[in-house]
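S.K.: Take this structure first; my questions come after.
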Protein chains: 2
Amino acid sequence: MNLRDAIRTIPDFPKPGIMYRDITTLLTNRRALAEAVIQLSAPYKYKDVDNVAGIEARGFTFGTAVAYELGAGFVPIRKKGKLPFDTFEQDYELEYGTDTVEIHADSIRKGENVLIIDDLIATGGTAEAAVHLLRKTGANIIGAAFVVDLPELGGVERLVRMGIPVTTLVKFDGH
Amino acid sequence: MNLRDAIRTIPDFPKPGIMYRDITTLLTNRRALAEAVIQLSAPYKYKDVDNVAGIEARGFTFGTAVAYELGAGFVPIRKKGKLPFDTFEQDYELEYGTDTVEIHADSIRKGENVLIIDDLIATGGTAEAAVHLLRKTGANIIGAAFVVDLPELGGVERLVRMGIPVTTLVKFDGH
């Protein structure tokens, strides 16, 4: 199963010059979905993961399946205003302006082992915000895993500089 | 494992008089997550499910884990404007106004067996929109399964009247 072949590329979306990597075709392909979940989980199978943290919205897909595969819980990191209980917040930079993500303050106990999962890492801005949020809970972040890496945008190096081990399944050149 | 006990109730959220059923505490509880995924999947284990359709955003969590458990693919149903390729659209009524959901037009082949998954069914408005969307793709909808049912709001009956078998795991009185 070649995961790369299961990902659709849409040129000039959402704007001219961007090659959009569409992972919905991978999700919908039963063999590719199973393979991606197994590959994301494998390095963490014996690392006693307590919770998988996934970033809204596509991180909820692979994230919960990996949590189930690892026998862990799943912690959603959401856009501001979506979580109903007490939260920690973290701002992060967008191309134009800023956005805010939140996590339930009681979702992770101090010292629990947490794995971050998302579909794609580009500049790593959202993932860095997730790291800051998780550190506010006292989590022990044991790693971050992504289906797609766009290495030219430097997201993986950004997380590694923060002390987070990173695994990715498929790399694409360009943005 | 009592799934009901894993769900947190938040009184007066998002407005006075509403008892909000917060499934994030169930997701974060590793035993409850595994139990919910197994219970959602069990009735469909031998029904040859090709794809699980999950509704943004919380339906992405249980939906993808159930897809993985069943060896099926996962098809995201998203808010308008989020999917990058050709879509079918469906409007649905909210308490005030309307909203629109979309599905990739090529995500399901005619006659494929599809199971709808979401975290909660209330009035069933979103689920009904999902049924209309899936019928546009030619899917054979074999059922819909929800973690939480608020039976006083009539959502399950609404789907059953449309010919959709429904299973739910936990019922709560009130809204």
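Going through the structure tokens in order, the chains are called A, B, and so on, while each chain numbers its residues from 1 and the ligands are numbered from 1 in the order shown.
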Please provide chain B as a PDB file with C-alpha atoms, in the first residue's frame, once it has been superposed on chain A by least squares across all sequentially paired Cα atoms.
M.R.:
```
ATOM      1  CA  MET B   1       0.002   0.015   0.035  1.00  0.00           C
ATOM      2  CA  ASN B   2       1.613   3.252  -1.101  1.00  0.00           C
ATOM      3  CA  LEU B   3       0.130   5.980   1.052  1.00  0.00           C
ATOM      4  CA  ARG B   4       1.414   8.709  -1.256  1.00  0.00           C
ATOM      5  CA  ASP B   5      -0.720   7.373  -4.101  1.00  0.00           C
ATOM      6  CA  ALA B   6      -3.815   7.569  -1.900  1.00  0.00           C
ATOM      7  CA  ILE B   7      -3.406  11.337  -1.411  1.00  0.00           C
ATOM      8  CA  ARG B   8      -4.968  13.602  -4.036  1.00  0.00           C
ATOM      9  CA  THR B   9      -3.188  16.773  -5.113  1.00  0.00           C
ATOM     10  CA  ILE B  10      -5.373  19.729  -6.090  1.00  0.00           C
ATOM     11  CA  PRO B  11      -3.408  22.434  -7.909  1.00  0.00           C
ATOM     12  CA  ASP B  12      -4.094  26.098  -7.106  1.00  0.00           C
ATOM     13  CA  PHE B  13      -6.236  25.445  -4.018  1.00  0.00           C
ATOM     14  CA  PRO B  14      -7.093  27.443  -1.988  1.00  0.00           C
ATOM     15  CA  LYS B  15      -5.175  29.962  -4.125  1.00  0.00           C
ATOM     16  CA  PRO B  16      -2.940  30.037  -7.202  1.00  0.00           C
ATOM     17  CA  GLY B  17       0.467  28.426  -6.716  1.00  0.00           C
ATOM     18  CA  ILE B  18      -0.572  26.150  -3.837  1.00  0.00           C
ATOM     19  CA  MET B  19      -0.520  22.388  -4.406  1.00  0.00           C
ATOM     20  CA  TYR B  20      -3.148  21.255  -1.900  1.00  0.00           C
ATOM     21  CA  ARG B  21      -2.582  17.753  -0.496  1.00  0.00           C
ATOM     22  CA  ASP B  22      -6.049  16.301   0.040  1.00  0.00           C
ATOM     23  CA  ILE B  23      -6.013  13.473   2.586  1.00  0.00           C
ATOM     24  CA  THR B  24      -9.755  12.790   2.296  1.00  0.00           C
ATOM     25  CA  THR B  25      -9.002  10.307  -0.511  1.00  0.00           C
ATOM     26  CA  LEU B  26      -6.677   8.460   1.872  1.00  0.00           C
ATOM     27  CA  LEU B  27      -9.328   8.398   4.616  1.00  0.00           C
ATOM     28  CA  THR B  28     -11.896   6.987   2.212  1.00  0.00           C
ATOM     29  CA  ASN B  29      -9.539   4.218   1.005  1.00  0.00           C
ATOM     30  CA  ARG B  30      -9.982   1.439   3.570  1.00  0.00           C
ATOM     31  CA  ARG B  31      -6.539  -0.076   3.038  1.00  0.00           C
ATOM     32  CA  ALA B  32      -4.785   3.281   3.135  1.00  0.00           C
ATOM     33  CA  LEU B  33      -6.633   4.338   6.292  1.00  0.00           C
ATOM     34  CA  ALA B  34      -5.673   1.114   8.081  1.00  0.00           C
ATOM     35  CA  GLU B  35      -2.069   1.403   6.892  1.00  0.00           C
ATOM     36  CA  ALA B  36      -1.791   5.051   7.995  1.00  0.00           C
ATOM     37  CA  VAL B  37      -3.205   4.323  11.458  1.00  0.00           C
ATOM     38  CA  ILE B  38      -0.840   1.371  11.898  1.00  0.00           C
ATOM     39  CA  GLN B  39       2.203   3.354  10.705  1.00  0.00           C
ATOM     40  CA  LEU B  40       1.352   6.361  12.903  1.00  0.00           C
ATOM     41  CA  SER B  41       0.897   4.087  15.929  1.00  0.00           C
ATOM     42  CA  ALA B  42       3.788   1.657  15.457  1.00  0.00           C
ATOM     43  CA  PRO B  43       6.631   3.730  16.971  1.00  0.00           C
ATOM     44  CA  TYR B  44       4.493   4.352  20.075  1.00  0.00           C
ATOM     45  CA  LYS B  45       3.056   0.866  20.575  1.00  0.00           C
ATOM     46  CA  TYR B  46       5.164   0.110  23.660  1.00  0.00           C
ATOM     47  CA  LYS B  47       5.606   3.666  24.950  1.00  0.00           C
ATOM     48  CA  ASP B  48       2.633   3.672  27.318  1.00  0.00           C
ATOM     49  CA  VAL B  49       0.688   6.470  25.614  1.00  0.00           C
ATOM     50  CA  ASP B  50      -2.057   7.720  27.951  1.00  0.00           C
ATOM     51  CA  ASN B  51      -3.661  10.147  25.537  1.00  0.00           C
ATOM     52  CA  VAL B  52      -3.499  11.140  21.909  1.00  0.00           C
ATOM     53  CA  ALA B  53      -4.070  14.853  21.289  1.00  0.00           C
ATOM     54  CA  GLY B  54      -5.593  15.728  17.908  1.00  0.00           C
ATOM     55  CA  ILE B  55      -6.056  19.141  16.390  1.00  0.00           C
ATOM     56  CA  GLU B  56      -9.448  20.211  14.978  1.00  0.00           C
ATOM     57  CA  ALA B  57     -10.743  19.123  12.561  1.00  0.00           C
ATOM     58  CA  ARG B  58      -8.713  16.675  10.450  1.00  0.00           C
ATOM     59  CA  GLY B  59      -6.531  15.706  13.407  1.00  0.00           C
ATOM     60  CA  PHE B  60      -9.687  14.287  15.012  1.00  0.00           C
ATOM     61  CA  THR B  61      -9.843  11.600  12.312  1.00  0.00           C
ATOM     62  CA  PHE B  62      -6.417   9.952  12.464  1.00  0.00           C
ATOM     63  CA  GLY B  63      -6.012  10.988  16.102  1.00  0.00           C
ATOM     64  CA  THR B  64      -8.968   9.039  17.457  1.00  0.00           C
ATOM     65  CA  ALA B  65      -8.202   5.964  15.355  1.00  0.00           C
ATOM     66  CA  VAL B  66      -4.598   6.007  16.641  1.00  0.00           C
ATOM     67  CA  ALA B  67      -5.857   6.430  20.215  1.00  0.00           C
ATOM     68  CA  TYR B  68      -8.105   3.385  19.734  1.00  0.00           C
ATOM     69  CA  GLU B  69      -5.266   1.375  18.185  1.00  0.00           C
ATOM     70  CA  LEU B  70      -2.945   2.261  21.095  1.00  0.00           C
ATOM     71  CA  GLY B  71      -5.564   1.709  23.796  1.00  0.00           C
ATOM     72  CA  ALA B  72      -5.219   5.373  24.763  1.00  0.00           C
ATOM     73  CA  GLY B  73      -7.730   8.167  25.298  1.00  0.00           C
ATOM     74  CA  PHE B  74      -8.252  11.040  22.867  1.00  0.00           C
ATOM     75  CA  VAL B  75      -7.978  14.738  23.774  1.00  0.00           C
ATOM     76  CA  PRO B  76      -9.408  17.245  21.295  1.00  0.00           C
ATOM     77  CA  ILE B  77      -7.602  20.542  20.710  1.00  0.00           C
ATOM     78  CA  ARG B  78     -10.247  22.889  19.312  1.00  0.00           C
ATOM     79  CA  LYS B  79     -10.714  26.326  17.880  1.00  0.00           C
ATOM     80  CA  LYS B  80     -11.624  28.899  20.529  1.00  0.00           C
ATOM     81  CA  GLY B  81     -15.182  28.762  21.867  1.00  0.00           C
ATOM     82  CA  LYS B  82     -15.995  25.150  21.006  1.00  0.00           C
ATOM     83  CA  LEU B  83     -15.062  23.386  24.267  1.00  0.00           C
ATOM     84  CA  PRO B  84     -17.732  23.576  26.983  1.00  0.00           C
ATOM     85  CA  PHE B  85     -15.606  23.432  30.158  1.00  0.00           C
ATOM     86  CA  ASP B  86     -12.608  25.281  31.644  1.00  0.00           C
ATOM     87  CA  THR B  87      -9.799  25.596  29.107  1.00  0.00           C
ATOM     88  CA  PHE B  88      -6.246  26.702  28.532  1.00  0.00           C
ATOM     89  CA  GLU B  89      -5.798  28.904  25.440  1.00  0.00           C
ATOM     90  CA  GLN B  90      -2.927  29.491  23.060  1.00  0.00           C
ATOM     91  CA  ASP B  91      -2.666  32.058  20.265  1.00  0.00           C
ATOM     92  CA  TYR B  92      -0.693  31.308  17.133  1.00  0.00           C
ATOM     93  CA  GLU B  93       0.310  33.166  13.992  1.00  0.00           C
ATOM     94  CA  LEU B  94      -1.447  32.695  10.681  1.00  0.00           C
ATOM     95  CA  GLU B  95      -0.277  34.059   7.345  1.00  0.00           C
ATOM     96  CA  TYR B  96      -2.537  37.025   8.037  1.00  0.00           C
ATOM     97  CA  GLY B  97      -3.426  37.599  11.677  1.00  0.00           C
ATOM     98  CA  THR B  98      -3.683  35.165  14.568  1.00  0.00           C
ATOM     99  CA  ASP B  99      -5.934  32.345  15.714  1.00  0.00           C
ATOM    100  CA  THR B 100      -6.522  30.665  19.091  1.00  0.00           C
ATOM    101  CA  VAL B 101      -6.760  27.017  20.096  1.00  0.00           C
ATOM    102  CA  GLU B 102      -7.979  25.561  23.379  1.00  0.00           C
ATOM    103  CA  ILE B 103      -7.761  22.385  25.429  1.00  0.00           C
ATOM    104  CA  HIS B 104      -9.849  21.335  28.417  1.00  0.00           C
ATOM    105  CA  ALA B 105      -7.728  22.200  31.463  1.00  0.00           C
ATOM    106  CA  ASP B 106      -8.626  18.916  33.192  1.00  0.00           C
ATOM    107  CA  SER B 107      -8.243  16.661  30.156  1.00  0.00           C
ATOM    108  CA  ILE B 108      -4.697  15.548  30.969  1.00  0.00           C
ATOM    109  CA  ARG B 109      -3.144  14.818  34.344  1.00  0.00           C
ATOM    110  CA  LYS B 110       0.358  16.058  35.116  1.00  0.00           C
ATOM    111  CA  GLY B 111       2.964  13.623  33.831  1.00  0.00           C
ATOM    112  CA  GLU B 112       0.673  11.691  31.485  1.00  0.00           C
ATOM    113  CA  ASN B 113       2.276  10.548  28.231  1.00  0.00           C
ATOM    114  CA  VAL B 114       0.732  12.350  25.273  1.00  0.00           C
ATOM    115  CA  LEU B 115       1.217  11.837  21.537  1.00  0.00           C
ATOM    116  CA  ILE B 116       0.226  14.657  19.150  1.00  0.00           C
ATOM    117  CA  ILE B 117      -1.419  13.581  15.870  1.00  0.00           C
ATOM    118  CA  ASP B 118      -2.390  15.682  12.874  1.00  0.00           C
ATOM    119  CA  ASP B 119      -2.938  15.019   9.203  1.00  0.00           C
ATOM    120  CA  LEU B 120      -0.275  17.399   7.886  1.00  0.00           C
ATOM    121  CA  ILE B 121       2.639  19.520   9.092  1.00  0.00           C
ATOM    122  CA  ALA B 122       3.535  22.623   7.090  1.00  0.00           C
ATOM    123  CA  THR B 123       5.062  25.579   8.962  1.00  0.00           C
ATOM    124  CA  GLY B 124       4.276  23.877  12.272  1.00  0.00           C
ATOM    125  CA  GLY B 125       2.464  26.880  13.718  1.00  0.00           C
ATOM    126  CA  THR B 126      -0.580  24.929  14.867  1.00  0.00           C
ATOM    127  CA  ALA B 127       1.543  22.059  16.145  1.00  0.00           C
ATOM    128  CA  GLU B 128       3.697  24.475  18.142  1.00  0.00           C
ATOM    129  CA  ALA B 129       0.534  25.934  19.678  1.00  0.00           C
ATOM    130  CA  ALA B 130      -0.543  22.379  20.571  1.00  0.00           C
ATOM    131  CA  VAL B 131       2.804  21.804  22.303  1.00  0.00           C
ATOM    132  CA  HIS B 132       2.404  24.997  24.347  1.00  0.00           C
ATOM    133  CA  LEU B 133      -1.161  24.017  25.309  1.00  0.00           C
ATOM    134  CA  LEU B 134      -0.144  20.509  26.334  1.00  0.00           C
ATOM    135  CA  ARG B 135       2.744  21.843  28.413  1.00  0.00           C
ATOM    136  CA  LYS B 136       0.239  24.009  30.312  1.00  0.00           C
ATOM    137  CA  THR B 137      -1.534  20.798  31.374  1.00  0.00           C
ATOM    138  CA  GLY B 138       1.717  19.259  32.627  1.00  0.00           C
ATOM    139  CA  ALA B 139       1.659  16.563  29.931  1.00  0.00           C
ATOM    140  CA  ASN B 140       4.788  14.631  29.044  1.00  0.00           C
ATOM    141  CA  ILE B 141       4.803  15.000  25.251  1.00  0.00           C
ATOM    142  CA  ILE B 142       6.443  11.869  23.929  1.00  0.00           C
ATOM    143  CA  GLY B 143       6.163  12.728  20.259  1.00  0.00           C
ATOM    144  CA  ALA B 144       4.207  14.093  17.339  1.00  0.00           C
ATOM    145  CA  ALA B 145       3.200  12.145  14.231  1.00  0.00           C
ATOM    146  CA  PHE B 146       1.801  13.431  10.937  1.00  0.00           C
ATOM    147  CA  VAL B 147       0.597  11.705   7.805  1.00  0.00           C
ATOM    148  CA  VAL B 148       1.982  14.372   5.448  1.00  0.00           C
ATOM    149  CA  ASP B 149       5.127  16.509   5.790  1.00  0.00           C
ATOM    150  CA  LEU B 150       5.881  19.531   3.607  1.00  0.00           C
ATOM    151  CA  PRO B 151       9.569  19.707   4.536  1.00  0.00           C
ATOM    152  CA  GLU B 152      10.332  22.969   2.725  1.00  0.00           C
ATOM    153  CA  LEU B 153       8.104  24.769   5.220  1.00  0.00           C
ATOM    154  CA  GLY B 154      10.227  23.677   8.191  1.00  0.00           C
ATOM    155  CA  GLY B 155       7.551  22.477  10.598  1.00  0.00           C
ATOM    156  CA  VAL B 156       9.347  19.308  11.657  1.00  0.00           C
ATOM    157  CA  GLU B 157      12.568  21.196  12.520  1.00  0.00           C
ATOM    158  CA  ARG B 158      10.512  23.692  14.519  1.00  0.00           C
ATOM    159  CA  LEU B 159       9.073  20.907  16.704  1.00  0.00           C
ATOM    160  CA  VAL B 160      12.426  19.137  17.036  1.00  0.00           C
ATOM    161  CA  ARG B 161      13.956  22.412  18.300  1.00  0.00           C
ATOM    162  CA  MET B 162      11.243  22.362  20.997  1.00  0.00           C
ATOM    163  CA  GLY B 163      12.425  18.889  22.046  1.00  0.00           C
ATOM    164  CA  ILE B 164       9.583  16.944  20.409  1.00  0.00           C
ATOM    165  CA  PRO B 165      10.440  13.758  18.474  1.00  0.00           C
ATOM    166  CA  VAL B 166       8.560  13.766  15.158  1.00  0.00           C
ATOM    167  CA  THR B 167       7.564  11.025  12.741  1.00  0.00           C
ATOM    168  CA  THR B 168       5.915  11.580   9.357  1.00  0.00           C
ATOM    169  CA  LEU B 169       4.671   9.097   6.749  1.00  0.00           C
ATOM    170  CA  VAL B 170       4.759  10.895   3.375  1.00  0.00           C
ATOM    171  CA  LYS B 171       6.771  13.923   2.208  1.00  0.00           C
ATOM    172  CA  PHE B 172       5.806  16.245  -0.625  1.00  0.00           C
ATOM    173  CA  ASP B 173       8.010  18.914  -2.185  1.00  0.00           C
ATOM    174  CA  GLY B 174       6.650  22.435  -2.497  1.00  0.00           C
ATOM    175  CA  HIS B 175       3.986  24.177  -0.500  1.00  0.00           C
TER     176      HIS B 175
END
```
S.K.: Give the alpha helix (DSSP H) residues of range 24-174 of chain B, as assigned by DSSP on the backbone, as number ranges by chain.
M.R.: B: 24-28, 30-41, 59-70, 125-137, 155-161
S.K.: Would you please extract all strand (DSSP E or B) residues from chain B, as assigned by DSSP on the backbone, and give them as a VMD selection string?
M.R.: chain B and resid 8 to 11 19 to 22 51 to 55 73 to 79 87 to 93 98 to 104 113 to 121 140 to 149 166 to 171
S.K.: Keeping only C-alpha atoms, take the residues you just selected and write them out as a compact mmCIF listing (two decimals), in the first residue's frame.
M.R.:
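Generated output (again_11.txt):
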```txt
# COMPACT_ATOMS: atom_id res chain seq x y z
CA ARG B 8 -19.92 15.00 31.75
CA THR B 9 -23.05 17.11 32.06
CA ILE B 10 -22.58 20.89 32.05
CA PRO B 11 -25.71 22.73 33.21
CA MET B 19 -27.99 20.39 30.05
CA TYR B 20 -24.97 20.00 27.77
CA ARG B 21 -23.73 16.41 27.40
CA ASP B 22 -19.96 16.68 27.04
CA ASN B 51 -17.43 3.54 4.35
CA VAL B 52 -18.29 5.27 7.58
CA ALA B 53 -19.57 8.83 7.14
CA GLY B 54 -18.87 11.19 10.05
CA ILE B 55 -20.17 14.68 10.56
CA GLY B 73 -12.93 3.85 4.83
CA PHE B 74 -13.99 7.16 6.36
CA VAL B 75 -15.91 9.90 4.52
CA PRO B 76 -16.00 13.35 6.13
CA ILE B 77 -19.18 15.43 5.93
CA ARG B 78 -18.05 19.02 6.46
CA LYS B 79 -19.35 22.51 6.88
CA THR B 87 -19.04 18.46 -3.65
CA PHE B 88 -22.73 17.87 -3.15
CA GLU B 89 -24.37 20.34 -0.74
CA GLN B 90 -27.34 20.13 1.59
CA ASP B 91 -28.96 22.91 3.61
CA TYR B 92 -30.56 22.19 6.95
CA GLU B 93 -32.53 24.13 9.54
CA THR B 98 -29.92 27.53 8.18
CA ASP B 99 -26.53 25.91 7.68
CA THR B 100 -24.99 23.87 4.84
CA VAL B 101 -23.00 20.64 4.84
CA GLU B 102 -21.02 19.11 1.99
CA ILE B 103 -19.58 15.79 0.89
CA HIS B 104 -17.04 15.08 -1.84
CA ASN B 113 -22.66 0.36 2.06
CA VAL B 114 -22.35 3.40 4.32
CA LEU B 115 -22.79 3.74 8.08
CA ILE B 116 -23.41 7.22 9.54
CA ILE B 117 -21.68 7.97 12.87
CA ASP B 118 -22.01 10.99 15.12
CA ASP B 119 -21.47 11.68 18.79
CA LEU B 120 -25.02 12.78 19.60
CA ILE B 121 -28.50 12.87 18.07
CA ASN B 140 -26.73 2.40 0.36
CA ILE B 141 -27.18 3.72 3.90
CA ILE B 142 -27.24 0.67 6.13
CA GLY B 143 -27.65 2.51 9.41
CA ALA B 144 -26.77 5.36 11.71
CA ALA B 145 -25.18 5.03 15.15
CA PHE B 146 -24.78 7.65 17.87
CA VAL B 147 -23.12 7.61 21.26
CA VAL B 148 -25.75 9.83 22.91
CA ASP B 149 -29.50 10.06 22.22
CA VAL B 166 -30.59 3.62 14.19
CA THR B 167 -28.59 2.44 17.18
CA THR B 168 -27.63 4.59 20.17
CA LEU B 169 -25.55 3.78 23.26
CA VAL B 170 -26.70 6.16 26.02
CA LYS B 171 -29.98 8.07 26.47
```
